[in-house]
>>> print(open('protein-v5.pdb').read())   # PDB, C-alpha atoms and all ligand atoms
ATOM      1  CA  MET A   1      -2.103  18.808  16.271
ATOM      2  CA  ALA A   2       0.069  19.334  13.206
ATOM      3  CA  ILE A   3       1.501  17.288  10.353
ATOM      4  CA  LEU A   4       5.185  17.674   9.575
ATOM      5  CA  VAL A   5       6.191  17.150   5.939
ATOM      6  CA  ALA A   6       9.826  16.002   6.190
ATOM      7  CA  ALA A   7      11.164  15.652   2.680
ATOM      8  CA  GLY A   8      14.373  15.981   0.742
ATOM      9  CA  PHE A   9      12.364  17.867  -1.925
ATOM     10  CA  ASP A  10      13.781  20.544  -4.178
ATOM     11  CA  GLU A  11      11.702  23.695  -4.734
ATOM     12  CA  ASP A  12       9.958  22.262  -7.819
ATOM     13  CA  GLU A  13       8.902  19.190  -5.848
ATOM     14  CA  TRP A  14       7.601  21.333  -2.963
ATOM     15  CA  ALA A  15       5.629  23.382  -5.493
ATOM     16  CA  ALA A  16       4.075  20.206  -6.922
ATOM     17  CA  TRP A  17       3.293  18.556  -3.570
ATOM     18  CA  TRP A  18       2.205  21.393  -1.309
ATOM     19  CA  PRO A  19      -1.110  22.397  -2.955
ATOM     20  CA  LEU A  20      -2.116  18.751  -3.459
ATOM     21  CA  LEU A  21      -1.366  17.821   0.152
ATOM     22  CA  ARG A  22      -3.311  20.881   1.340
ATOM     23  CA  ALA A  23      -6.232  19.949  -0.907
ATOM     24  CA  ALA A  24      -6.187  16.336   0.307
ATOM     25  CA  LEU A  25      -6.002  17.373   3.985
ATOM     26  CA  PRO A  26      -8.050  20.589   4.097
ATOM     27  CA  SER A  27      -8.654  20.680   7.848
ATOM     28  CA  GLU A  28      -5.077  19.824   8.911
ATOM     29  CA  GLN A  29      -2.183  22.113   9.812
ATOM     30  CA  LEU A  30       0.710  21.183   7.500
ATOM     31  CA  LEU A  31       4.268  22.241   8.311
ATOM     32  CA  ARG A  32       7.397  22.349   6.225
ATOM     33  CA  ASP A  33       9.448  23.640   9.130
ATOM     34  CA  ARG A  34       9.287  21.559  12.308
ATOM     35  CA  ASP A  35      10.330  24.567  14.398
ATOM     36  CA  ALA A  36       7.085  26.376  13.509
ATOM     37  CA  VAL A  37       5.339  24.609  16.439
ATOM     38  CA  ALA A  38       6.401  22.923  19.681
ATOM     39  CA  PRO A  39       7.586  19.301  19.123
ATOM     40  CA  HIS A  40       4.675  17.847  21.135
ATOM     41  CA  GLU A  41       2.174  19.410  18.686
ATOM     42  CA  ILE A  42       3.330  17.219  15.781
ATOM     43  CA  ASP A  43       1.481  13.901  15.665
ATOM     44  CA  VAL A  44       1.951  12.827  12.015
ATOM     45  CA  ALA A  45       5.001  12.948   9.758
ATOM     46  CA  LEU A  46       4.744  12.689   5.992
ATOM     47  CA  VAL A  47       8.199  11.679   4.796
ATOM     48  CA  ALA A  48       9.924  11.492   1.430
ATOM     49  CA  ASN A  49      13.592  10.573   1.609
ATOM     50  CA  PRO A  50      13.786  12.587   4.844
ATOM     51  CA  PRO A  51      17.137  14.049   5.886
ATOM     52  CA  PRO A  52      18.508  12.039   8.872
ATOM     53  CA  GLY A  53      17.365  13.478  12.185
ATOM     54  CA  SER A  54      14.100  14.910  10.772
ATOM     55  CA  LEU A  55      11.953  12.809  13.109
ATOM     56  CA  ARG A  56      13.972  12.984  16.313
ATOM     57  CA  ASP A  57      12.292  14.009  19.582
ATOM     58  CA  LEU A  58       8.634  14.188  18.516
ATOM     59  CA  PRO A  59       7.001  12.793  21.689
ATOM     60  CA  ASN A  60       3.417  12.611  20.340
ATOM     61  CA  LEU A  61       4.136  11.156  16.912
ATOM     62  CA  GLN A  62       1.486   8.535  16.028
ATOM     63  CA  LEU A  63       2.053   7.849  12.333
ATOM     64  CA  ILE A  64       4.928   8.126   9.870
ATOM     65  CA  GLN A  65       3.456   7.996   6.358
ATOM     66  CA  SER A  66       6.009   7.640   3.579
ATOM     67  CA  LEU A  67       5.421   9.318   0.229
ATOM     68  CA  TRP A  68       7.978   6.901  -1.209
ATOM     69  CA  ALA A  69       7.460   3.208  -1.746
ATOM     70  CA  GLY A  70      10.815   2.331  -0.160
ATOM     71  CA  VAL A  71      11.175   3.121   3.540
ATOM     72  CA  ASP A  72      14.788   1.996   4.024
ATOM     73  CA  ARG A  73      15.952   5.561   4.646
ATOM     74  CA  VAL A  74      13.532   5.939   7.577
ATOM     75  CA  LEU A  75      14.397   2.507   8.969
ATOM     76  CA  ASP A  76      18.126   3.295   8.766
ATOM     77  CA  ASP A  77      17.754   6.587  10.655
ATOM     78  CA  THR A  78      18.528   5.653  14.264
ATOM     79  CA  THR A  79      17.112   9.000  15.456
ATOM     80  CA  ALA A  80      13.642   8.197  14.029
ATOM     81  CA  PRO A  81      11.285   6.547  16.558
ATOM     82  CA  ALA A  82      11.206   2.768  16.160
ATOM     83  CA  ASP A  83       7.848   2.242  17.891
ATOM     84  CA  VAL A  84       5.641   4.526  15.772
ATOM     85  CA  PRO A  85       3.577   2.892  12.977
ATOM     86  CA  LEU A  86       5.291   3.445   9.632
ATOM     87  CA  ALA A  87       3.309   3.170   6.379
ATOM     88  CA  ARG A  88       4.722   2.774   2.869
ATOM     89  CA  MET A  89       3.318   4.483  -0.206
ATOM     90  CA  VAL A  90       1.304   1.936  -2.157
ATOM     91  CA  ASP A  91      -0.057   3.646  -5.252
ATOM     92  CA  PRO A  92      -1.262   1.731  -8.320
ATOM     93  CA  ALA A  93      -0.206   4.668 -10.536
ATOM     94  CA  MET A  94       3.348   4.334  -9.230
ATOM     95  CA  ASN A  95       3.367   0.574  -9.830
ATOM     96  CA  ALA A  96       2.293   1.202 -13.434
ATOM     97  CA  THR A  97       5.083   3.755 -13.911
ATOM     98  CA  MET A  98       7.631   1.281 -12.569
ATOM     99  CA  ALA A  99       6.324  -1.462 -14.862
ATOM    100  CA  GLN A 100       6.642   0.909 -17.808
ATOM    101  CA  THR A 101      10.289   1.619 -16.919
ATOM    102  CA  ALA A 102      11.010  -2.111 -16.626
ATOM    103  CA  LEU A 103       9.421  -2.692 -20.047
ATOM    104  CA  TRP A 104      11.444   0.160 -21.580
ATOM    105  CA  ALA A 105      14.721  -1.220 -20.201
ATOM    106  CA  VAL A 106      13.963  -4.828 -21.162
ATOM    107  CA  SER A 107      12.744  -3.987 -24.657
ATOM    108  CA  SER A 108      15.711  -1.632 -25.229
ATOM    109  CA  LEU A 109      18.073  -4.443 -24.238
ATOM    110  CA  GLN A 110      16.209  -6.983 -26.359
ATOM    111  CA  ARG A 111      16.162  -4.760 -29.448
ATOM    112  CA  GLY A 112      19.720  -3.472 -28.992
ATOM    113  CA  PHE A 113      18.615   0.163 -28.742
ATOM    114  CA  PHE A 114      21.444   1.016 -26.307
ATOM    115  CA  ASP A 115      23.923  -0.368 -28.859
ATOM    116  CA  TYR A 116      22.321   1.652 -31.651
ATOM    117  CA  ALA A 117      22.602   4.830 -29.528
ATOM    118  CA  ALA A 118      26.335   4.102 -29.121
ATOM    119  CA  GLN A 119      26.616   3.429 -32.861
ATOM    120  CA  GLN A 120      25.063   6.813 -33.630
ATOM    121  CA  ARG A 121      27.710   8.558 -31.512
ATOM    122  CA  GLU A 122      30.346   6.749 -33.642
ATOM    123  CA  GLY A 123      28.543   7.277 -36.953
ATOM    124  CA  VAL A 124      28.164   3.512 -37.451
ATOM    125  CA  TRP A 125      25.346   2.081 -39.645
ATOM    126  CA  LYS A 126      25.075  -1.585 -38.670
ATOM    127  CA  GLN A 127      21.997  -3.747 -38.245
ATOM    128  CA  HIS A 128      21.985  -6.547 -35.686
ATOM    129  CA  VAL A 129      19.972  -9.751 -35.876
ATOM    130  CA  LEU A 130      16.583  -9.358 -34.142
ATOM    131  CA  ARG A 131      16.004 -11.426 -31.029
ATOM    132  CA  CYS A 132      12.273 -11.717 -30.337
ATOM    133  CA  ALA A 133      10.691 -11.229 -26.921
ATOM    134  CA  ASP A 134       9.730 -14.899 -26.648
ATOM    135  CA  GLU A 135      13.382 -15.880 -26.979
ATOM    136  CA  LEU A 136      14.260 -14.069 -23.753
ATOM    137  CA  THR A 137      13.720 -14.932 -20.122
ATOM    138  CA  VAL A 138      13.460 -12.048 -17.682
ATOM    139  CA  ALA A 139      13.924 -12.712 -13.967
ATOM    140  CA  VAL A 140      12.013 -10.194 -11.883
ATOM    141  CA  LEU A 141      13.456 -10.083  -8.369
ATOM    142  CA  GLY A 142      10.745  -9.032  -5.932
ATOM    143  CA  THR A 143       7.136 -10.133  -6.094
ATOM    144  CA  GLY A 144       5.592  -7.185  -4.276
ATOM    145  CA  GLN A 145       3.329  -4.601  -5.871
ATOM    146  CA  MET A 146       5.978  -3.292  -8.242
ATOM    147  CA  GLY A 147       7.518  -6.644  -9.109
ATOM    148  CA  ARG A 148       4.107  -8.093  -9.944
ATOM    149  CA  ALA A 149       3.124  -5.087 -12.078
ATOM    150  CA  ALA A 150       6.398  -5.332 -14.016
ATOM    151  CA  ALA A 151       6.123  -9.112 -14.441
ATOM    152  CA  HIS A 152       2.572  -8.854 -15.825
ATOM    153  CA  LEU A 153       3.453  -6.127 -18.301
ATOM    154  CA  LEU A 154       6.519  -8.034 -19.510
ATOM    155  CA  MET A 155       4.446 -11.203 -19.960
ATOM    156  CA  GLN A 156       1.835  -9.260 -21.918
ATOM    157  CA  HIS A 157       4.647  -8.209 -24.247
ATOM    158  CA  GLY A 158       5.699 -11.775 -24.869
ATOM    159  CA  TYR A 159       8.739 -12.162 -22.601
ATOM    160  CA  GLY A 160       9.270 -15.304 -20.580
ATOM    161  CA  VAL A 161       9.157 -14.139 -16.959
ATOM    162  CA  LEU A 162      10.387 -15.773 -13.772
ATOM    163  CA  GLY A 163       9.484 -14.080 -10.503
ATOM    164  CA  TRP A 164      11.680 -14.482  -7.444
ATOM    165  CA  SER A 165      11.250 -13.473  -3.827
ATOM    166  CA  ARG A 166      13.369 -14.410  -0.821
ATOM    167  CA  SER A 167      10.882 -17.062   0.252
ATOM    168  CA  ALA A 168      10.918 -18.704  -3.198
ATOM    169  CA  GLY A 169      14.107 -20.743  -2.842
ATOM    170  CA  PRO A 170      17.619 -20.322  -4.194
ATOM    171  CA  LEU A 171      18.304 -17.230  -6.295
ATOM    172  CA  ALA A 172      21.056 -18.989  -8.225
ATOM    173  CA  ARG A 173      18.589 -21.210 -10.142
ATOM    174  CA  VAL A 174      16.603 -18.201 -11.336
ATOM    175  CA  LEU A 175      19.686 -16.171 -12.223
ATOM    176  CA  ALA A 176      21.064 -19.053 -14.283
ATOM    177  CA  GLN A 177      17.998 -18.937 -16.566
ATOM    178  CA  ALA A 178      17.821 -15.174 -16.974
ATOM    179  CA  ASN A 179      18.848 -13.198 -20.032
ATOM    180  CA  ILE A 180      17.815 -10.071 -18.165
ATOM    181  CA  VAL A 181      17.508  -9.593 -14.396
ATOM    182  CA  VAL A 182      15.212  -6.795 -13.218
ATOM    183  CA  ASN A 183      15.676  -5.944  -9.553
ATOM    184  CA  LEU A 184      12.594  -4.690  -7.695
ATOM    185  CA  LEU A 185      13.351  -6.050  -4.216
ATOM    186  CA  PRO A 186      12.930  -4.013  -1.035
ATOM    187  CA  LEU A 187      16.232  -3.112   0.620
ATOM    188  CA  THR A 188      16.549  -5.054   3.870
ATOM    189  CA  PRO A 189      19.523  -6.512   5.772
ATOM    190  CA  ASP A 190      18.843  -9.765   3.849
ATOM    191  CA  THR A 191      18.873  -8.234   0.383
ATOM    192  CA  ARG A 192      21.697  -5.683   0.832
ATOM    193  CA  GLY A 193      24.602  -6.703  -1.408
ATOM    194  CA  LEU A 194      22.631  -9.637  -2.872
ATOM    195  CA  LEU A 195      23.779  -8.824  -6.397
ATOM    196  CA  ASP A 196      27.494  -9.480  -6.032
ATOM    197  CA  ALA A 197      30.215 -11.248  -8.012
ATOM    198  CA  ALA A 198      28.843 -14.679  -7.075
ATOM    199  CA  ALA A 199      25.346 -13.725  -8.278
ATOM    200  CA  PHE A 200      26.653 -12.257 -11.534
ATOM    201  CA  ALA A 201      28.673 -15.416 -12.139
ATOM    202  CA  GLN A 202      25.418 -17.442 -12.027
ATOM    203  CA  MET A 203      23.919 -15.350 -14.818
ATOM    204  CA  PRO A 204      24.534 -16.551 -18.388
ATOM    205  CA  ARG A 205      27.276 -14.823 -20.360
ATOM    206  CA  ASP A 206      25.868 -11.739 -22.151
ATOM    207  CA  ALA A 207      22.973 -11.369 -19.709
ATOM    208  CA  SER A 208      22.103  -7.874 -18.490
ATOM    209  CA  LEU A 209      21.090  -6.313 -15.192
ATOM    210  CA  VAL A 210      18.391  -3.689 -14.664
ATOM    211  CA  ASN A 211      18.415  -2.210 -11.145
ATOM    212  CA  LEU A 212      15.330  -0.135 -10.350
ATOM    213  CA  ALA A 213      15.225  -0.801  -6.586
ATOM    214  CA  ARG A 214      18.073   0.439  -4.395
ATOM    215  CA  GLY A 215      21.763   0.947  -5.108
ATOM    216  CA  ALA A 216      22.825  -1.031  -2.050
ATOM    217  CA  HIS A 217      21.411  -4.243  -3.545
ATOM    218  CA  VAL A 218      24.375  -4.227  -5.920
ATOM    219  CA  VAL A 219      28.041  -4.525  -5.002
ATOM    220  CA  GLU A 220      29.173  -1.825  -7.407
ATOM    221  CA  ALA A 221      32.837  -2.886  -7.602
ATOM    222  CA  ASP A 222      31.730  -6.453  -8.451
ATOM    223  CA  LEU A 223      29.433  -5.178 -11.189
ATOM    224  CA  LEU A 224      32.232  -3.134 -12.750
ATOM    225  CA  ALA A 225      34.624  -6.083 -12.636
ATOM    226  CA  THR A 226      31.988  -8.389 -14.172
ATOM    227  CA  LEU A 227      31.205  -5.964 -17.016
ATOM    228  CA  ASP A 228      34.904  -5.302 -17.628
ATOM    229  CA  GLY A 229      35.541  -9.040 -17.677
ATOM    230  CA  GLY A 230      32.908  -9.357 -20.412
ATOM    231  CA  HIS A 231      30.665 -11.778 -18.553
ATOM    232  CA  LEU A 232      27.637  -9.453 -18.413
ATOM    233  CA  LYS A 233      26.640  -7.356 -21.413
ATOM    234  CA  ARG A 234      25.044  -4.261 -19.919
ATOM    235  CA  ALA A 235      23.657  -2.733 -16.740
ATOM    236  CA  VAL A 236      20.795  -0.234 -16.690
ATOM    237  CA  LEU A 237      20.945   1.469 -13.303
ATOM    238  CA  ASP A 238      18.461   3.919 -11.794
ATOM    239  CA  VAL A 239      19.756   3.713  -8.220
ATOM    240  CA  PHE A 240      23.203   3.880  -6.635
ATOM    241  CA  ALA A 241      24.997   3.343  -3.338
ATOM    242  CA  THR A 242      25.579   7.117  -3.198
ATOM    243  CA  GLU A 243      23.006   9.484  -4.696
ATOM    244  CA  PRO A 244      23.414  11.760  -6.517
ATOM    245  CA  LEU A 245      26.002   9.591  -8.254
ATOM    246  CA  PRO A 246      29.332  11.399  -7.598
ATOM    247  CA  PRO A 247      30.792  13.148 -10.685
ATOM    248  CA  SER A 248      33.961  11.037 -10.531
ATOM    249  CA  HIS A 249      32.089   7.702 -10.357
ATOM    250  CA  PRO A 250      33.224   5.239 -13.054
ATOM    251  CA  PHE A 251      29.590   4.326 -13.913
ATOM    252  CA  TRP A 252      29.058   7.699 -15.625
ATOM    253  CA  SER A 253      31.349   6.971 -18.543
ATOM    254  CA  HIS A 254      31.281   3.181 -18.652
ATOM    255  CA  PRO A 255      30.274   2.047 -22.157
ATOM    256  CA  ALA A 256      28.237  -0.877 -20.808
ATOM    257  CA  ILE A 257      26.310   1.105 -18.184
ATOM    258  CA  THR A 258      23.225   3.263 -18.642
ATOM    259  CA  VAL A 259      22.770   5.727 -15.763
ATOM    260  CA  LEU A 260      19.398   7.202 -14.789
ATOM    261  CA  PRO A 261      18.984   9.678 -11.896
ATOM    262  CA  HIS A 262      16.542   7.647  -9.702
ATOM    263  CA  ILE A 263      13.481   8.352 -11.822
ATOM    264  CA  ALA A 264      12.136   4.841 -12.540
ATOM    265  CA  ALA A 265       8.923   5.488 -10.602
ATOM    266  CA  PRO A 266       8.671   8.949  -9.118
ATOM    267  CA  THR A 267       5.698   9.360  -6.821
ATOM    268  CA  ASP A 268       2.996  11.352  -8.608
ATOM    269  CA  PRO A 269       1.505  13.745  -6.044
ATOM    270  CA  ARG A 270      -1.847  13.739  -7.879
ATOM    271  CA  SER A 271      -2.439  10.082  -7.028
ATOM    272  CA  ALA A 272      -0.232   9.737  -3.935
ATOM    273  CA  ALA A 273      -1.403  12.747  -1.896
ATOM    274  CA  PRO A 274      -4.906  11.236  -1.572
ATOM    275  CA  VAL A 275      -3.389   7.824  -0.644
ATOM    276  CA  ALA A 276      -1.400   9.449   2.177
ATOM    277  CA  ALA A 277      -4.416  11.487   3.272
ATOM    278  CA  ARG A 278      -6.588   8.343   3.532
ATOM    279  CA  ASN A 279      -4.275   6.902   6.199
ATOM    280  CA  ILE A 280      -4.246  10.163   8.147
ATOM    281  CA  VAL A 281      -8.054  10.308   8.100
ATOM    282  CA  ALA A 282      -8.099   6.663   9.249
ATOM    283  CA  LEU A 283      -5.828   7.616  12.160
ATOM    284  CA  ARG A 284      -8.048  10.547  13.115
ATOM    285  CA  GLU A 285     -11.165   8.354  12.987
ATOM    286  CA  GLY A 286      -9.550   5.452  14.854
ATOM    287  CA  ARG A 287      -9.774   3.070  11.906
ATOM    288  CA  PRO A 288      -7.004   0.574  10.985
ATOM    289  CA  LEU A 289      -3.996   1.988   9.133
ATOM    290  CA  GLU A 290      -3.043   0.633   5.707
ATOM    291  CA  ASN A 291       0.279  -0.442   4.205
ATOM    292  CA  LEU A 292       2.060  -0.682   7.531
ATOM    293  CA  VAL A 293       5.693  -1.742   7.421
ATOM    294  CA  ASP A 294       6.710  -4.851   9.342
ATOM    295  CA  ARG A 295       9.848  -3.438  10.916
ATOM    296  CA  ALA A 296      11.301  -6.867  11.656
ATOM    297  CA  ARG A 297      10.918  -7.837   7.993
ATOM    298  CA  GLY A 298      12.163  -4.448   6.810
ATOM    299  CA  TYR A 299       9.368  -3.549   4.366
TER
HETATM  300  C1  LIG A 301      11.587   5.583  -4.719
HETATM  301  O1  LIG A 301      12.648   5.060  -4.850
HETATM  302  C2  LIG A 301      10.588   5.120  -3.784
HETATM  303  O2  LIG A 301      10.919   4.355  -2.882
HETATM  304  O3  LIG A 301       9.414   5.511  -3.922
END
>>> encode(input="protein-v5.pdb", output="structure tokens")
Amino acid sequence: MAILVAAGFDEDEWAAWWPLLRAALPSEQLLRDRDAVAPHEIDVALVANPPPGSLRDLPNLQLIQSLWAGVDRVLDDTTAPADVPLARMVDPAMNATMAQTALWAVSSLQRGFFDYAAQQREGVWKQHVLRCADELTVAVLGTGQMGRAAAHLLMQHGYGVLGWSRSAGPLARVLAQANIVVNLLPLTPDTRGLLDAAAFAQMPRDASLVNLARGAHVVEADLLATLDGGHLKRAVLDVFATEPLPPSHPFWSHPAITVLPHIAAPTDPRSAAPVAARNIVALREGRPLENLVDRARGY
């Protein structure tokens, strides 16, 4: 049987992943091209942001192992089998990278570093009053692996932190206390569009949003209107409804928006290839699979 690697990788990413996957799975046949064997010979798919249709018509598929933490793209693909176990990537190294990005965004907002970058472009020398970490409350939306890692790191650095998950009660109460909201929720039908005009209106004036999860959590037109209306101060965005962010998108040049190209927590193949391999070995040996997605819950 063979393992199909179905990924939206560019050539550099293939070059990084391929030798590490081969090393982690030395006795397996790995395929980049599904047409290299008959469909019934593929029993495992390793997926990373797979192009839609990548997993259609594989009658003997027994495991879909994601190399990404978020599996929304697989769940949204109606041609992917809905009855095959699907496992997320859970990698402590990736959680640490995400926490580091959250700390960078929060501390840059706290210290005004985005404003100083804008001042440099204008040749302005102006010092702003320092607000200390313990004067700020950060709401971390999502209390999974990444949300918890980010919350702990922020607390270690002196920020007041409130964690929120969908089971924790009304979001409005948490938003109302937050100087900075960091979104690390999974994208599910319940969380899609959660950060809309009504949510932004709950946040205090001059609060900021950091979205490191999925673009579809945010209603982009509402965010623009809220920033333009002066209610929120800044948005730091790593993820977008359409990726790559289209060249004509207003976010690119908005003075209150920082755009990153979905790099908050890239999977590191050095740590993640062995995580993926462990589940495949478990499948081969008939042991329980780890990090399985509850399809009804959506993550
Ligand atoms: C990246 O966004 C991931 O889900 O790993």
>>> resolve_selection(input="protein-v5.pdb", expression="the PyMOL selection byres (((not hetatm)) within 9 of (chain A and resi 301))", output="ChimeraX atom specification")
/A:48-49,66-72,88-89,94,186,212-214,239,262-267
>>> atom_distance(input="protein-v5.pdb", atom1="atom CA of A:Leu185", atom2="atom CA of A:Phe200")
16.4 Å
>>> atom_distance(input="protein-v5.pdb", atom1="atom CA of A:Leu20", atom2="atom CA of A:Val47")
15.0 Å
>>> atom_distance(input="protein-v5.pdb", atom1="atom CA of A:Asn291", atom2="atom CA of A:Ala272")
13.0 Å
>>> resolve_selection(input="protein-v5.pdb", expression="the PyMOL selection byres (((chain A and resi 50) around 10) and not hetatm)", output="PyMOL selection string")
chain A and resi 5-9+46-49+51-55+66+71+73-74+77
>>> resolve_selection(input="protein-v5.pdb", expression="the PyMOL selection byres (((chain A and resi 44) around 6) and not hetatm)", output="ChimeraX atom specification")
/A:3,42-43,45,61-64
>>> closest_residue(input="protein-v5.pdb", among="A:Gln110, A:Thr191, A:Ser248, A:Gln156", to="A:Asn179", atoms="all atoms listed in the file")
A:Gln110
>>> residues_around(input="protein-v5.pdb", residues="A:Phe240", least_positions_apart="2", cutoff="12 Å", atoms="all atoms listed in the file", output="PyMOL selection string")
chain A and resi 193+211-221+223+236-238+242-246+249-252+259-263
>>> residues_near_point(input="protein-v5.pdb", point="(7.0, -11.6, -21.0)", cutoff="8 Å", atoms="all atoms listed in the file", output="PyMOL selection string")
chain A and resi 133-134+137-138+151-161
>>> closest_residue(input="protein-v5.pdb", among="A:Leu187, A:Gly142, A:Val124, A:Phe113", to="A:Ser167", atoms="all atoms listed in the file")
A:Gly142
>>> closest_residue(input="protein-v5.pdb", among="A:Ala256, A:Gln100, A:Ala2, A:Ala178", to="A:Ser27", atoms="only C-alpha atoms")
A:Ala2
>>> axis_aligned_box(input="protein-v5.pdb", around="stretch 184-194 of chain A", padding_each_side="5 Å", output="lines of an AutoDock Vina configuration file")
center_x = 18.6
center_y = -6.4
center_z = -1.0
size_x = 22.0
size_y = 16.7
size_z = 23.5
>>> closest_residue(input="protein-v5.pdb", among="A:Gln65, A:Val90, A:Leu4, A:Asp10", to="A:Ala282", atoms="all atoms listed in the file")
A:Gln65
>>> residues_around(input="protein-v5.pdb", residues="A:Ala150", least_positions_apart="3", cutoff="7 Å", atoms="all atoms listed in the file", output="compact mmCIF listing (two decimals) with C-alpha atoms, in the coordinates of the input")
# COMPACT_ATOMS: atom_id res chain seq x y z
CA MET A 98 7.63 1.28 -12.57
CA ALA A 99 6.32 -1.46 -14.86
CA ALA A 102 11.01 -2.11 -16.63
CA MET A 146 5.98 -3.29 -8.24
CA GLY A 147 7.52 -6.64 -9.11
CA LEU A 153 3.45 -6.13 -18.30
CA LEU A 154 6.52 -8.03 -19.51
>>> residues_near_point(input="protein-v5.pdb", point="(11.4, 11.0, 17.1)", cutoff="9 Å", atoms="only C-alpha atoms", output="ChimeraX atom specification")
/A:53-61,79-82,84
>>> write_last_selection(input="protein-v5.pdb", atoms="C-alpha atoms", output="CSV table (one decimal), keeping the file's coordinate frame")
chain,number,residue,atom,x,y,z
A,53,GLY,CA,17.4,13.5,12.2
A,54,SER,CA,14.1,14.9,10.8
A,55,LEU,CA,12.0,12.8,13.1
A,56,ARG,CA,14.0,13.0,16.3
A,57,ASP,CA,12.3,14.0,19.6
A,58,LEU,CA,8.6,14.2,18.5
A,59,PRO,CA,7.0,12.8,21.7
A,60,ASN,CA,3.4,12.6,20.3
A,61,LEU,CA,4.1,11.2,16.9
A,79,THR,CA,17.1,9.0,15.5
A,80,ALA,CA,13.6,8.2,14.0
A,81,PRO,CA,11.3,6.5,16.6
A,82,ALA,CA,11.2,2.8,16.2
A,84,VAL,CA,5.6,4.5,15.8
>>> closest_residue(input="protein-v5.pdb", among="A:Gln127, A:Gln177, A:Ser271, A:Thr143", to="A:Trp164", atoms="only C-alpha atoms")
A:Thr143
